[in-house]
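S.K.: Sending over upload02.pdb (PDB, C-alpha atoms, pLDDT in the B column).
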```pdb
ATOM      1  CA  MET A 276     -11.619   6.105 -21.338  1.00 89.00           C
ATOM      2  CA  ILE A 277     -14.502   3.614 -21.305  1.00 96.00           C
ATOM      3  CA  ALA A 278     -13.941   1.490 -24.390  1.00 97.00           C
ATOM      4  CA  HIS A 279     -16.586   1.728 -27.099  1.00 96.00           C
ATOM      5  CA  THR A 280     -17.096  -2.011 -27.540  1.00 97.00           C
ATOM      6  CA  PRO A 281     -19.490  -3.672 -30.008  1.00 97.00           C
ATOM      7  CA  GLU A 282     -22.328  -6.045 -29.176  1.00 97.00           C
ATOM      8  CA  PRO A 283     -20.973  -9.170 -27.457  1.00 98.00           C
ATOM      9  CA  PRO A 284     -19.543 -11.694 -27.884  1.00 98.00           C
ATOM     10  CA  TYR A 285     -15.956 -10.416 -27.990  1.00 98.00           C
ATOM     11  CA  THR A 286     -12.814 -11.154 -26.000  1.00 98.00           C
ATOM     12  CA  ALA A 287     -11.494  -9.375 -22.894  1.00 98.00           C
ATOM     13  CA  VAL A 288      -7.906  -9.749 -21.673  1.00 98.00           C
ATOM     14  CA  ILE A 289      -7.741  -8.806 -17.980  1.00 98.00           C
ATOM     15  CA  PHE A 290      -4.235  -7.967 -16.776  1.00 97.00           C
ATOM     16  CA  THR A 291      -3.850  -7.271 -13.043  1.00 98.00           C
ATOM     17  CA  SER A 292      -0.372  -6.314 -11.868  1.00 97.00           C
ATOM     18  CA  LEU A 293       1.734  -4.796  -9.141  1.00 96.00           C
ATOM     19  CA  ARG A 294       4.388  -2.538 -10.608  1.00 96.00           C
ATOM     20  CA  ARG A 295       7.806  -2.380  -8.953  1.00 94.00           C
ATOM     21  CA  LYS A 296       8.944   1.015  -7.708  1.00 87.00           C
ATOM     22  CA  GLU A 297      12.076   0.998  -9.840  1.00 80.00           C
ATOM     23  CA  SER A 298      10.964  -0.107 -13.239  1.00 73.00           C
ATOM     24  CA  GLY A 299      13.149   1.945 -15.563  1.00 78.00           C
ATOM     25  CA  ASP A 300      11.724   1.984 -19.082  1.00 89.00           C
ATOM     26  CA  TYR A 301       8.225   1.035 -18.003  1.00 92.00           C
ATOM     27  CA  GLU A 302       6.424   4.191 -19.125  1.00 89.00           C
ATOM     28  CA  ALA A 303       8.006   4.218 -22.564  1.00 93.00           C
ATOM     29  CA  VAL A 304       7.416   0.511 -23.093  1.00 95.00           C
ATOM     30  CA  ALA A 305       3.809   0.745 -21.893  1.00 92.00           C
ATOM     31  CA  ARG A 306       3.086   3.636 -24.266  1.00 93.00           C
ATOM     32  CA  ARG A 307       4.716   1.784 -27.148  1.00 96.00           C
ATOM     33  CA  MET A 308       2.718  -1.377 -26.415  1.00 95.00           C
ATOM     34  CA  LEU A 309      -0.559   0.544 -26.351  1.00 93.00           C
ATOM     35  CA  ALA A 310       0.237   2.151 -29.701  1.00 95.00           C
ATOM     36  CA  LEU A 311       1.258  -1.218 -31.129  1.00 97.00           C
ATOM     37  CA  ALA A 312      -1.903  -2.917 -29.820  1.00 97.00           C
ATOM     38  CA  GLU A 313      -4.084  -0.249 -31.441  1.00 96.00           C
ATOM     39  CA  GLY A 314      -2.712  -1.259 -34.830  1.00 97.00           C
ATOM     40  CA  GLN A 315      -3.361  -4.981 -34.369  1.00 98.00           C
ATOM     41  CA  PRO A 316      -6.147  -6.839 -36.203  1.00 98.00           C
ATOM     42  CA  GLY A 317      -9.263  -7.138 -34.061  1.00 98.00           C
ATOM     43  CA  TYR A 318      -8.296  -4.538 -31.438  1.00 98.00           C
ATOM     44  CA  LEU A 319     -11.479  -2.980 -30.010  1.00 98.00           C
ATOM     45  CA  GLY A 320     -10.144  -0.769 -27.216  1.00 98.00           C
ATOM     46  CA  ALA A 321      -8.697  -0.851 -23.712  1.00 97.00           C
ATOM     47  CA  GLU A 322      -9.286   0.493 -20.212  1.00 97.00           C
ATOM     48  CA  SER A 323      -6.431   0.949 -17.767  1.00 96.00           C
ATOM     49  CA  VAL A 324      -6.079   2.164 -14.180  1.00 97.00           C
ATOM     50  CA  ARG A 325      -3.080   2.208 -11.845  1.00 96.00           C
ATOM     51  CA  ASP A 326      -3.149   3.467  -8.266  1.00 96.00           C
ATOM     52  CA  ALA A 327      -0.490   5.193  -6.179  1.00 94.00           C
ATOM     53  CA  GLU A 328       0.635   1.907  -4.596  1.00 95.00           C
ATOM     54  CA  GLY A 329       1.438   0.463  -8.002  1.00 95.00           C
ATOM     55  CA  TRP A 330      -1.551  -1.857  -8.447  1.00 97.00           C
ATOM     56  CA  GLY A 331      -2.997  -1.770 -11.915  1.00 97.00           C
ATOM     57  CA  ILE A 332      -5.749  -3.369 -13.939  1.00 98.00           C
ATOM     58  CA  THR A 333      -5.731  -3.119 -17.730  1.00 97.00           C
ATOM     59  CA  VAL A 334      -8.492  -4.698 -19.773  1.00 98.00           C
ATOM     60  CA  SER A 335      -8.028  -4.875 -23.530  1.00 98.00           C
ATOM     61  CA  TYR A 336     -10.857  -5.902 -25.831  1.00 98.00           C
ATOM     62  CA  TRP A 337     -10.510  -7.965 -29.008  1.00 98.00           C
ATOM     63  CA  ARG A 338     -12.792  -9.225 -31.760  1.00 98.00           C
ATOM     64  CA  ASP A 339     -12.114 -12.820 -30.752  1.00 98.00           C
ATOM     65  CA  GLU A 340      -9.682 -14.981 -28.853  1.00 97.00           C
ATOM     66  CA  ALA A 341      -7.552 -15.634 -31.944  1.00 98.00           C
ATOM     67  CA  CYS A 342      -6.898 -11.876 -32.272  1.00 98.00           C
ATOM     68  CA  ALA A 343      -5.971 -11.638 -28.578  1.00 98.00           C
ATOM     69  CA  ARG A 344      -3.671 -14.619 -28.938  1.00 97.00           C
ATOM     70  CA  ALA A 345      -2.029 -13.154 -32.055  1.00 98.00           C
ATOM     71  CA  TRP A 346      -1.303  -9.932 -30.167  1.00 97.00           C
ATOM     72  CA  GLY A 347       0.268 -11.963 -27.379  1.00 96.00           C
ATOM     73  CA  ALA A 348       2.592 -13.550 -29.937  1.00 97.00           C
ATOM     74  CA  VAL A 349       3.843 -10.347 -31.633  1.00 97.00           C
ATOM     75  CA  ALA A 350       7.651 -10.332 -31.308  1.00 98.00           C
ATOM     76  CA  GLU A 351       8.000  -6.830 -29.871  1.00 97.00           C
ATOM     77  CA  HIS A 352       5.184  -7.595 -27.431  1.00 97.00           C
ATOM     78  CA  ARG A 353       6.899 -10.860 -26.412  1.00 97.00           C
ATOM     79  CA  GLU A 354      10.015  -8.845 -25.588  1.00 97.00           C
ATOM     80  CA  ALA A 355       7.932  -6.420 -23.500  1.00 96.00           C
ATOM     81  CA  GLN A 356       6.369  -9.390 -21.700  1.00 96.00           C
ATOM     82  CA  ARG A 357       9.851 -10.627 -20.851  1.00 96.00           C
ATOM     83  CA  MET A 358      10.767  -7.198 -19.444  1.00 95.00           C
ATOM     84  CA  GLY A 359       7.512  -7.271 -17.506  1.00 94.00           C
ATOM     85  CA  ARG A 360       8.365 -10.569 -15.834  1.00 94.00           C
ATOM     86  CA  GLU A 361      11.984  -9.652 -15.213  1.00 93.00           C
ATOM     87  CA  SER A 362      11.739  -6.067 -14.096  1.00 93.00           C
ATOM     88  CA  PHE A 363       8.457  -4.146 -14.355  1.00 95.00           C
ATOM     89  CA  TYR A 364       6.108  -6.255 -12.249  1.00 95.00           C
ATOM     90  CA  ALA A 365       6.408  -7.819  -8.817  1.00 95.00           C
ATOM     91  CA  CYS A 366       3.483 -10.037  -9.778  1.00 96.00           C
ATOM     92  CA  TYR A 367       0.658 -10.240 -12.261  1.00 97.00           C
ATOM     93  CA  ALA A 368      -2.310 -12.268 -13.390  1.00 97.00           C
ATOM     94  CA  LEU A 369      -3.573 -12.538 -16.958  1.00 97.00           C
ATOM     95  CA  ARG A 370      -7.041 -13.831 -17.773  1.00 98.00           C
ATOM     96  CA  VAL A 371      -8.646 -14.248 -21.177  1.00 98.00           C
ATOM     97  CA  ALA A 372     -12.425 -14.183 -21.209  1.00 98.00           C
ATOM     98  CA  THR A 373     -15.380 -14.045 -23.583  1.00 98.00           C
ATOM     99  CA  VAL A 374     -17.757 -11.178 -22.870  1.00 98.00           C
ATOM    100  CA  ALA A 375     -21.372 -12.368 -22.964  1.00 98.00           C
ATOM    101  CA  ARG A 376     -23.224  -9.192 -21.985  1.00 97.00           C
ATOM    102  CA  GLN A 377     -22.551  -5.539 -21.253  1.00 97.00           C
ATOM    103  CA  ASP A 378     -24.341  -2.555 -19.868  1.00 95.00           C
ATOM    104  CA  GLY A 379     -23.400   1.063 -19.359  1.00 94.00           C
ATOM    105  CA  HIS A 380     -24.490   4.299 -17.751  1.00 92.00           C
ATOM    106  CA  GLY A 381     -23.387   7.694 -19.019  1.00 87.00           C
ATOM    107  CA  ALA A 382     -21.062   5.908 -21.456  1.00 78.00           C
ATOM    108  CA  SER A 383     -21.721   4.736 -24.981  1.00 74.00           C
ATOM    109  CA  LEU A 384     -20.562   1.147 -25.270  1.00 76.00           C
TER     110      LEU A 384
ATOM    111  CA  MET B 191      -4.790  -8.496  -3.924  1.00 88.00           C
ATOM    112  CA  ILE B 192      -4.559 -10.800  -6.965  1.00 96.00           C
ATOM    113  CA  ALA B 193      -7.571 -13.102  -6.613  1.00 97.00           C
ATOM    114  CA  HIS B 194      -6.820 -16.764  -6.053  1.00 96.00           C
ATOM    115  CA  THR B 195      -9.109 -18.097  -8.779  1.00 97.00           C
ATOM    116  CA  PRO B 196      -9.690 -21.782  -9.621  1.00 97.00           C
ATOM    117  CA  GLU B 197      -9.084 -23.462 -12.969  1.00 97.00           C
ATOM    118  CA  PRO B 198     -11.313 -21.873 -15.655  1.00 98.00           C
ATOM    119  CA  PRO B 199     -14.046 -21.716 -16.679  1.00 98.00           C
ATOM    120  CA  TYR B 200     -15.544 -19.215 -14.228  1.00 98.00           C
ATOM    121  CA  THR B 201     -17.219 -15.818 -14.584  1.00 98.00           C
ATOM    122  CA  ALA B 202     -15.622 -12.361 -14.424  1.00 98.00           C
ATOM    123  CA  VAL B 203     -17.659  -9.180 -13.905  1.00 98.00           C
ATOM    124  CA  ILE B 204     -15.650  -6.194 -15.150  1.00 98.00           C
ATOM    125  CA  PHE B 205     -16.843  -2.857 -13.761  1.00 97.00           C
ATOM    126  CA  THR B 206     -15.117   0.260 -15.125  1.00 98.00           C
ATOM    127  CA  SER B 207     -16.225   3.565 -13.643  1.00 97.00           C
ATOM    128  CA  LEU B 208     -15.475   7.231 -13.153  1.00 96.00           C
ATOM    129  CA  ARG B 209     -16.276   8.303  -9.634  1.00 96.00           C
ATOM    130  CA  ARG B 210     -17.670  11.777  -9.023  1.00 94.00           C
ATOM    131  CA  LYS B 211     -15.669  14.044  -6.748  1.00 87.00           C
ATOM    132  CA  GLU B 212     -18.550  14.529  -4.323  1.00 80.00           C
ATOM    133  CA  SER B 213     -19.929  11.105  -3.720  1.00 73.00           C
ATOM    134  CA  GLY B 214     -20.889  11.194  -0.046  1.00 78.00           C
ATOM    135  CA  ASP B 215     -21.398   7.689   1.294  1.00 89.00           C
ATOM    136  CA  TYR B 216     -19.379   6.032  -1.432  1.00 92.00           C
ATOM    137  CA  GLU B 217     -16.616   4.589   0.764  1.00 89.00           C
ATOM    138  CA  ALA B 218     -19.001   3.097   3.302  1.00 93.00           C
ATOM    139  CA  VAL B 219     -21.279   1.657   0.623  1.00 95.00           C
ATOM    140  CA  ALA B 220     -18.334   0.227  -1.321  1.00 92.00           C
ATOM    141  CA  ARG B 221     -16.949  -1.474   1.792  1.00 93.00           C
ATOM    142  CA  ARG B 222     -20.371  -2.860   2.666  1.00 96.00           C
ATOM    143  CA  MET B 223     -20.877  -4.198  -0.867  1.00 95.00           C
ATOM    144  CA  LEU B 224     -17.497  -5.944  -0.827  1.00 93.00           C
ATOM    145  CA  ALA B 225     -18.315  -7.591   2.505  1.00 95.00           C
ATOM    146  CA  LEU B 226     -21.747  -8.582   1.229  1.00 97.00           C
ATOM    147  CA  ALA B 227     -20.315 -10.000  -2.027  1.00 97.00           C
ATOM    148  CA  GLU B 228     -17.852 -12.136  -0.066  1.00 96.00           C
ATOM    149  CA  GLY B 229     -20.758 -13.918   1.590  1.00 97.00           C
ATOM    150  CA  GLN B 230     -22.609 -14.659  -1.659  1.00 98.00           C
ATOM    151  CA  PRO B 231     -22.793 -18.171  -3.159  1.00 98.00           C
ATOM    152  CA  GLY B 232     -20.128 -18.703  -5.797  1.00 98.00           C
ATOM    153  CA  TYR B 233     -17.982 -15.667  -4.929  1.00 98.00           C
ATOM    154  CA  LEU B 234     -14.347 -16.428  -5.863  1.00 98.00           C
ATOM    155  CA  GLY B 235     -12.619 -13.096  -5.201  1.00 98.00           C
ATOM    156  CA  ALA B 236     -12.153  -9.596  -6.575  1.00 97.00           C
ATOM    157  CA  GLU B 237      -9.487  -7.157  -7.730  1.00 97.00           C
ATOM    158  CA  SER B 238     -10.018  -3.413  -7.565  1.00 96.00           C
ATOM    159  CA  VAL B 239      -7.982  -0.334  -8.476  1.00 97.00           C
ATOM    160  CA  ARG B 240      -8.917   3.351  -8.500  1.00 96.00           C
ATOM    161  CA  ASP B 241      -6.591   6.155  -9.545  1.00 96.00           C
ATOM    162  CA  ALA B 242      -6.294   9.737  -8.319  1.00 94.00           C
ATOM    163  CA  GLU B 243      -8.512  11.048 -11.136  1.00 95.00           C
ATOM    164  CA  GLY B 244     -11.359   8.802 -10.017  1.00 95.00           C
ATOM    165  CA  TRP B 245     -11.162   6.118 -12.702  1.00 97.00           C
ATOM    166  CA  GLY B 246     -11.590   2.645 -11.344  1.00 97.00           C
ATOM    167  CA  ILE B 247     -11.718  -0.939 -12.538  1.00 98.00           C
ATOM    168  CA  THR B 248     -13.110  -3.666 -10.279  1.00 97.00           C
ATOM    169  CA  VAL B 249     -13.214  -7.255 -11.458  1.00 98.00           C
ATOM    170  CA  SER B 250     -15.157  -9.746  -9.361  1.00 98.00           C
ATOM    171  CA  TYR B 251     -14.959 -13.462 -10.014  1.00 98.00           C
ATOM    172  CA  TRP B 252     -17.817 -15.942  -9.666  1.00 98.00           C
ATOM    173  CA  ARG B 253     -18.315 -19.679 -10.039  1.00 98.00           C
ATOM    174  CA  ASP B 254     -20.684 -19.155 -12.941  1.00 98.00           C
ATOM    175  CA  GLU B 255     -22.875 -16.553 -14.579  1.00 97.00           C
ATOM    176  CA  ALA B 256     -25.922 -17.560 -12.509  1.00 98.00           C
ATOM    177  CA  CYS B 257     -24.011 -16.681  -9.305  1.00 98.00           C
ATOM    178  CA  ALA B 258     -22.937 -13.332 -10.755  1.00 98.00           C
ATOM    179  CA  ARG B 259     -26.504 -12.620 -11.818  1.00 97.00           C
ATOM    180  CA  ALA B 260     -27.861 -13.573  -8.374  1.00 98.00           C
ATOM    181  CA  TRP B 261     -25.435 -11.132  -6.747  1.00 97.00           C
ATOM    182  CA  GLY B 262     -26.634  -8.416  -9.111  1.00 96.00           C
ATOM    183  CA  ALA B 263     -30.203  -9.058  -7.943  1.00 97.00           C
ATOM    184  CA  VAL B 264     -29.586  -8.914  -4.159  1.00 97.00           C
ATOM    185  CA  ALA B 265     -31.861  -6.180  -2.778  1.00 98.00           C
ATOM    186  CA  GLU B 266     -29.209  -4.262  -0.849  1.00 97.00           C
ATOM    187  CA  HIS B 267     -26.928  -4.448  -3.878  1.00 97.00           C
ATOM    188  CA  ARG B 268     -29.746  -3.162  -6.128  1.00 97.00           C
ATOM    189  CA  GLU B 269     -30.070  -0.172  -3.838  1.00 97.00           C
ATOM    190  CA  ALA B 270     -26.300   0.444  -4.039  1.00 96.00           C
ATOM    191  CA  GLN B 271     -26.520   0.207  -7.835  1.00 96.00           C
ATOM    192  CA  ARG B 272     -29.213   2.884  -7.786  1.00 96.00           C
ATOM    193  CA  MET B 273     -26.979   5.130  -5.659  1.00 95.00           C
ATOM    194  CA  GLY B 274     -24.153   4.417  -8.085  1.00 94.00           C
ATOM    195  CA  ARG B 275     -26.177   5.601 -11.069  1.00 94.00           C
ATOM    196  CA  GLU B 276     -27.647   8.599  -9.254  1.00 93.00           C
ATOM    197  CA  SER B 277     -24.682   9.920  -7.319  1.00 93.00           C
ATOM    198  CA  PHE B 278     -21.433   7.921  -7.116  1.00 95.00           C
ATOM    199  CA  TYR B 279     -20.472   7.541 -10.767  1.00 95.00           C
ATOM    200  CA  ALA B 280     -20.283   9.983 -13.652  1.00 95.00           C
ATOM    201  CA  CYS B 281     -20.266   6.952 -15.946  1.00 96.00           C
ATOM    202  CA  TYR B 282     -19.611   3.245 -15.892  1.00 97.00           C
ATOM    203  CA  ALA B 283     -19.506   0.096 -17.972  1.00 97.00           C
ATOM    204  CA  LEU B 284     -20.323  -3.392 -16.751  1.00 97.00           C
ATOM    205  CA  ARG B 285     -19.294  -6.486 -18.661  1.00 98.00           C
ATOM    206  CA  VAL B 286     -19.939 -10.113 -17.769  1.00 98.00           C
ATOM    207  CA  ALA B 287     -17.489 -12.602 -19.245  1.00 98.00           C
ATOM    208  CA  THR B 288     -16.490 -16.245 -19.064  1.00 98.00           C
ATOM    209  CA  VAL B 289     -12.801 -16.757 -18.313  1.00 98.00           C
ATOM    210  CA  ALA B 290     -11.312 -19.413 -20.592  1.00 98.00           C
ATOM    211  CA  ARG B 291      -7.663 -19.329 -19.549  1.00 97.00           C
ATOM    212  CA  GLN B 292      -5.410 -17.692 -16.999  1.00 97.00           C
ATOM    213  CA  ASP B 293      -1.736 -17.316 -16.286  1.00 95.00           C
ATOM    214  CA  GLY B 294       0.248 -15.675 -13.518  1.00 94.00           C
ATOM    215  CA  HIS B 295       3.698 -14.605 -12.478  1.00 92.00           C
ATOM    216  CA  GLY B 296       4.701 -14.197  -8.840  1.00 87.00           C
ATOM    217  CA  ALA B 297       1.072 -14.799  -7.882  1.00 78.00           C
ATOM    218  CA  SER B 298      -0.713 -18.039  -7.095  1.00 75.00           C
ATOM    219  CA  LEU B 299      -3.923 -18.142  -9.093  1.00 76.00           C
TER     220      LEU B 299
END
```
Is it possible to express this structure as structure tokens?

M.R.:
Amino acid sequence: MIAHTPEPPYTAVIFTSLRRKESGDYEAVARRMLALAEGQPGYLGAESVRDAEGWGITVSYWRDEACARAWGAVAEHREAQRMGRESFYACYALRVATVARQDGHGASL
Amino acid sequence: MIAHTPEPPYTAVIFTSLRRKESGDYEAVARRMLALAEGQPGYLGAESVRDAEGWGITVSYWRDEACARAWGAVAEHREAQRMGRESFYACYALRVATVARQDGHGASL
């Protein structure tokens, strides 16, 4: 599950969220979004963890910020974002960052 | 638990790991490292999630890369890193990034 990212620089989108207990279509939408992201230009991989309380951090990696921004603007993704705000998440933070260096242990980056 | 970060730019350290099942002092060391980080110059906050399988993502936020690097070089933290490699984690990835933009919903960044 550790993403096999290339030599920096590349872009990381850090999404931290608290999922609501009743969030209906969440699982199906989340799976669909991951599949859709994988087909986008510049997608490099993603890492995602959610705990039993509903807190989650997903980091997706992109060739550059333009690719990350383009993914954010995809119509079906925009609709999922709207569902996220309105029903899936109690709160979230989204941060877009440029990775400058990376290191790993027991994982091939 | 969403970190109250300032206006970008600032530095994010993304640590993705798989914890071993038997990892002895892990909880105590992790708590101590969080407390120690909070007292470091330039510490802005952190977000951390670990799931039932042992996968975790912790993102710590710093005023700049020099502050993040200084934290990485603190002697007690170096010792914890050694324990991490030798016993706590089956694998991990560490990425240092500069946050360029952020957005939130239901959370004050």

S.K.: For a test of reading the model, state the distance in Å between atom CA of Ala280 of chain B and atom CA of Pro281 of chain A, rounded to one decimal.

M.R.: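 Pair atom CA of Ala280 of chain B / atom CA of Pro281 of chain A returns 21.3 Å.
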
S.K.: Show which residues sit within 8 Å of Gly294 of chain B, as a PDB file with C-alpha atoms, keeping the file's coordinate frame. Count only C-alpha atoms, and ignore same-chain residues fewer than 6 positions away.

M.R.:
```
ATOM      1  CA  CYS A 366       3.483 -10.037  -9.778  1.00 96.00           C
ATOM      2  CA  TYR A 367       0.658 -10.240 -12.261  1.00 97.00           C
ATOM      3  CA  ALA A 368      -2.310 -12.268 -13.390  1.00 97.00           C
ATOM      4  CA  LEU A 369      -3.573 -12.538 -16.958  1.00 97.00           C
TER       5      LEU A 369
END
```

S.K.: Using all atoms listed in the file, I'd like every residue of chain B that has an atom within 10 Å of chain A; please write them out as number ranges by chain.

M.R.: B: 191-194, 198-208, 237-249, 255, 274-275, 279-299

S.K.: Store the residues picked out above, limited to C-alpha atoms, as a compact mmCIF listing (two decimals), keeping the file's coordinate frame.

M.R.:
```txt
# COMPACT_ATOMS: atom_id res chain seq x y z
CA MET B 191 -4.79 -8.50 -3.92
CA ILE B 192 -4.56 -10.80 -6.96
CA ALA B 193 -7.57 -13.10 -6.61
CA HIS B 194 -6.82 -16.76 -6.05
CA PRO B 198 -11.31 -21.87 -15.66
CA PRO B 199 -14.05 -21.72 -16.68
CA TYR B 200 -15.54 -19.22 -14.23
CA THR B 201 -17.22 -15.82 -14.58
CA ALA B 202 -15.62 -12.36 -14.42
CA VAL B 203 -17.66 -9.18 -13.90
CA ILE B 204 -15.65 -6.19 -15.15
CA PHE B 205 -16.84 -2.86 -13.76
CA THR B 206 -15.12 0.26 -15.12
CA SER B 207 -16.23 3.56 -13.64
CA LEU B 208 -15.48 7.23 -13.15
CA GLU B 237 -9.49 -7.16 -7.73
CA SER B 238 -10.02 -3.41 -7.56
CA VAL B 239 -7.98 -0.33 -8.48
CA ARG B 240 -8.92 3.35 -8.50
CA ASP B 241 -6.59 6.16 -9.54
CA ALA B 242 -6.29 9.74 -8.32
CA GLU B 243 -8.51 11.05 -11.14
CA GLY B 244 -11.36 8.80 -10.02
CA TRP B 245 -11.16 6.12 -12.70
CA GLY B 246 -11.59 2.64 -11.34
CA ILE B 247 -11.72 -0.94 -12.54
CA THR B 248 -13.11 -3.67 -10.28
CA VAL B 249 -13.21 -7.26 -11.46
CA GLU B 255 -22.88 -16.55 -14.58
CA GLY B 274 -24.15 4.42 -8.09
CA ARG B 275 -26.18 5.60 -11.07
CA TYR B 279 -20.47 7.54 -10.77
CA ALA B 280 -20.28 9.98 -13.65
CA CYS B 281 -20.27 6.95 -15.95
CA TYR B 282 -19.61 3.24 -15.89
CA ALA B 283 -19.51 0.10 -17.97
CA LEU B 284 -20.32 -3.39 -16.75
CA ARG B 285 -19.29 -6.49 -18.66
CA VAL B 286 -19.94 -10.11 -17.77
CA ALA B 287 -17.49 -12.60 -19.24
CA THR B 288 -16.49 -16.24 -19.06
CA VAL B 289 -12.80 -16.76 -18.31
CA ALA B 290 -11.31 -19.41 -20.59
CA ARG B 291 -7.66 -19.33 -19.55
CA GLN B 292 -5.41 -17.69 -17.00
CA ASP B 293 -1.74 -17.32 -16.29
CA GLY B 294 0.25 -15.68 -13.52
CA HIS B 295 3.70 -14.60 -12.48
CA GLY B 296 4.70 -14.20 -8.84
CA ALA B 297 1.07 -14.80 -7.88
CA SER B 298 -0.71 -18.04 -7.10
CA LEU B 299 -3.92 -18.14 -9.09
```

S.K.: Fit chain A to chain B: least squares, all C-alpha atoms, paired in order; write the output as a tab-separated table (two decimals) with C-alpha atoms, keeping the file's coordinate frame.

M.R.:
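Written out: result21.tsv:
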```tsv
chain	number	residue	atom	x	y	z
A	276	MET	CA	-4.78	-8.50	-3.96
A	277	ILE	CA	-4.56	-10.81	-6.98
A	278	ALA	CA	-7.56	-13.10	-6.63
A	279	HIS	CA	-6.82	-16.77	-6.06
A	280	THR	CA	-9.13	-18.11	-8.77
A	281	PRO	CA	-9.69	-21.78	-9.63
A	282	GLU	CA	-9.10	-23.46	-12.97
A	283	PRO	CA	-11.31	-21.88	-15.65
A	284	PRO	CA	-14.04	-21.71	-16.69
A	285	TYR	CA	-15.53	-19.21	-14.24
A	286	THR	CA	-17.21	-15.82	-14.58
A	287	ALA	CA	-15.62	-12.36	-14.43
A	288	VAL	CA	-17.66	-9.18	-13.90
A	289	ILE	CA	-15.64	-6.19	-15.15
A	290	PHE	CA	-16.84	-2.86	-13.76
A	291	THR	CA	-15.11	0.26	-15.12
A	292	SER	CA	-16.22	3.57	-13.65
A	293	LEU	CA	-15.46	7.22	-13.16
A	294	ARG	CA	-16.27	8.29	-9.62
A	295	ARG	CA	-17.67	11.77	-9.01
A	296	LYS	CA	-15.66	14.05	-6.73
A	297	GLU	CA	-18.54	14.53	-4.31
A	298	SER	CA	-19.94	11.10	-3.73
A	299	GLY	CA	-20.93	11.20	-0.07
A	300	ASP	CA	-21.43	7.69	1.29
A	301	TYR	CA	-19.38	6.02	-1.42
A	302	GLU	CA	-16.63	4.59	0.78
A	303	ALA	CA	-19.02	3.10	3.31
A	304	VAL	CA	-21.28	1.66	0.63
A	305	ALA	CA	-18.34	0.22	-1.31
A	306	ARG	CA	-16.96	-1.47	1.80
A	307	ARG	CA	-20.38	-2.85	2.67
A	308	MET	CA	-20.88	-4.20	-0.86
A	309	LEU	CA	-17.51	-5.95	-0.82
A	310	ALA	CA	-18.33	-7.59	2.51
A	311	LEU	CA	-21.76	-8.58	1.23
A	312	ALA	CA	-20.33	-10.00	-2.02
A	313	GLU	CA	-17.85	-12.13	-0.07
A	314	GLY	CA	-20.77	-13.91	1.59
A	315	GLN	CA	-22.60	-14.66	-1.66
A	316	PRO	CA	-22.79	-18.17	-3.16
A	317	GLY	CA	-20.13	-18.69	-5.81
A	318	TYR	CA	-17.97	-15.66	-4.93
A	319	LEU	CA	-14.34	-16.42	-5.86
A	320	GLY	CA	-12.61	-13.09	-5.21
A	321	ALA	CA	-12.16	-9.59	-6.58
A	322	GLU	CA	-9.48	-7.16	-7.74
A	323	SER	CA	-10.01	-3.42	-7.57
A	324	VAL	CA	-7.97	-0.33	-8.49
A	325	ARG	CA	-8.91	3.35	-8.50
A	326	ASP	CA	-6.58	6.16	-9.55
A	327	ALA	CA	-6.30	9.75	-8.34
A	328	GLU	CA	-8.52	11.05	-11.15
A	329	GLY	CA	-11.36	8.82	-10.03
A	330	TRP	CA	-11.16	6.11	-12.71
A	331	GLY	CA	-11.59	2.64	-11.35
A	332	ILE	CA	-11.71	-0.94	-12.55
A	333	THR	CA	-13.10	-3.66	-10.29
A	334	VAL	CA	-13.20	-7.26	-11.47
A	335	SER	CA	-15.15	-9.74	-9.37
A	336	TYR	CA	-14.95	-13.47	-10.02
A	337	TRP	CA	-17.82	-15.95	-9.67
A	338	ARG	CA	-18.31	-19.69	-10.03
A	339	ASP	CA	-20.68	-19.15	-12.94
A	340	GLU	CA	-22.87	-16.56	-14.57
A	341	ALA	CA	-25.91	-17.55	-12.50
A	342	CYS	CA	-24.01	-16.69	-9.30
A	343	ALA	CA	-22.94	-13.32	-10.75
A	344	ARG	CA	-26.50	-12.62	-11.81
A	345	ALA	CA	-27.86	-13.57	-8.37
A	346	TRP	CA	-25.44	-11.13	-6.74
A	347	GLY	CA	-26.64	-8.42	-9.11
A	348	ALA	CA	-30.20	-9.06	-7.94
A	349	VAL	CA	-29.59	-8.91	-4.15
A	350	ALA	CA	-31.87	-6.18	-2.77
A	351	GLU	CA	-29.22	-4.26	-0.84
A	352	HIS	CA	-26.93	-4.45	-3.87
A	353	ARG	CA	-29.75	-3.17	-6.12
A	354	GLU	CA	-30.08	-0.16	-3.82
A	355	ALA	CA	-26.31	0.45	-4.02
A	356	GLN	CA	-26.53	0.21	-7.82
A	357	ARG	CA	-29.21	2.89	-7.77
A	358	MET	CA	-26.98	5.14	-5.65
A	359	GLY	CA	-24.16	4.42	-8.08
A	360	ARG	CA	-26.18	5.61	-11.06
A	361	GLU	CA	-27.64	8.60	-9.25
A	362	SER	CA	-24.68	9.91	-7.33
A	363	PHE	CA	-21.44	7.91	-7.11
A	364	TYR	CA	-20.46	7.54	-10.76
A	365	ALA	CA	-20.28	9.98	-13.65
A	366	CYS	CA	-20.26	6.95	-15.95
A	367	TYR	CA	-19.60	3.25	-15.90
A	368	ALA	CA	-19.50	0.11	-17.98
A	369	LEU	CA	-20.32	-3.39	-16.75
A	370	ARG	CA	-19.29	-6.49	-18.67
A	371	VAL	CA	-19.93	-10.11	-17.78
A	372	ALA	CA	-17.49	-12.60	-19.25
A	373	THR	CA	-16.48	-16.25	-19.06
A	374	VAL	CA	-12.80	-16.77	-18.31
A	375	ALA	CA	-11.31	-19.42	-20.60
A	376	ARG	CA	-7.66	-19.34	-19.56
A	377	GLN	CA	-5.40	-17.70	-17.00
A	378	ASP	CA	-1.74	-17.31	-16.29
A	379	GLY	CA	0.23	-15.67	-13.53
A	380	HIS	CA	3.70	-14.62	-12.47
A	381	GLY	CA	4.70	-14.21	-8.84
A	382	ALA	CA	1.06	-14.80	-7.88
A	383	SER	CA	-0.72	-18.04	-7.09
A	384	LEU	CA	-3.93	-18.14	-9.10
```
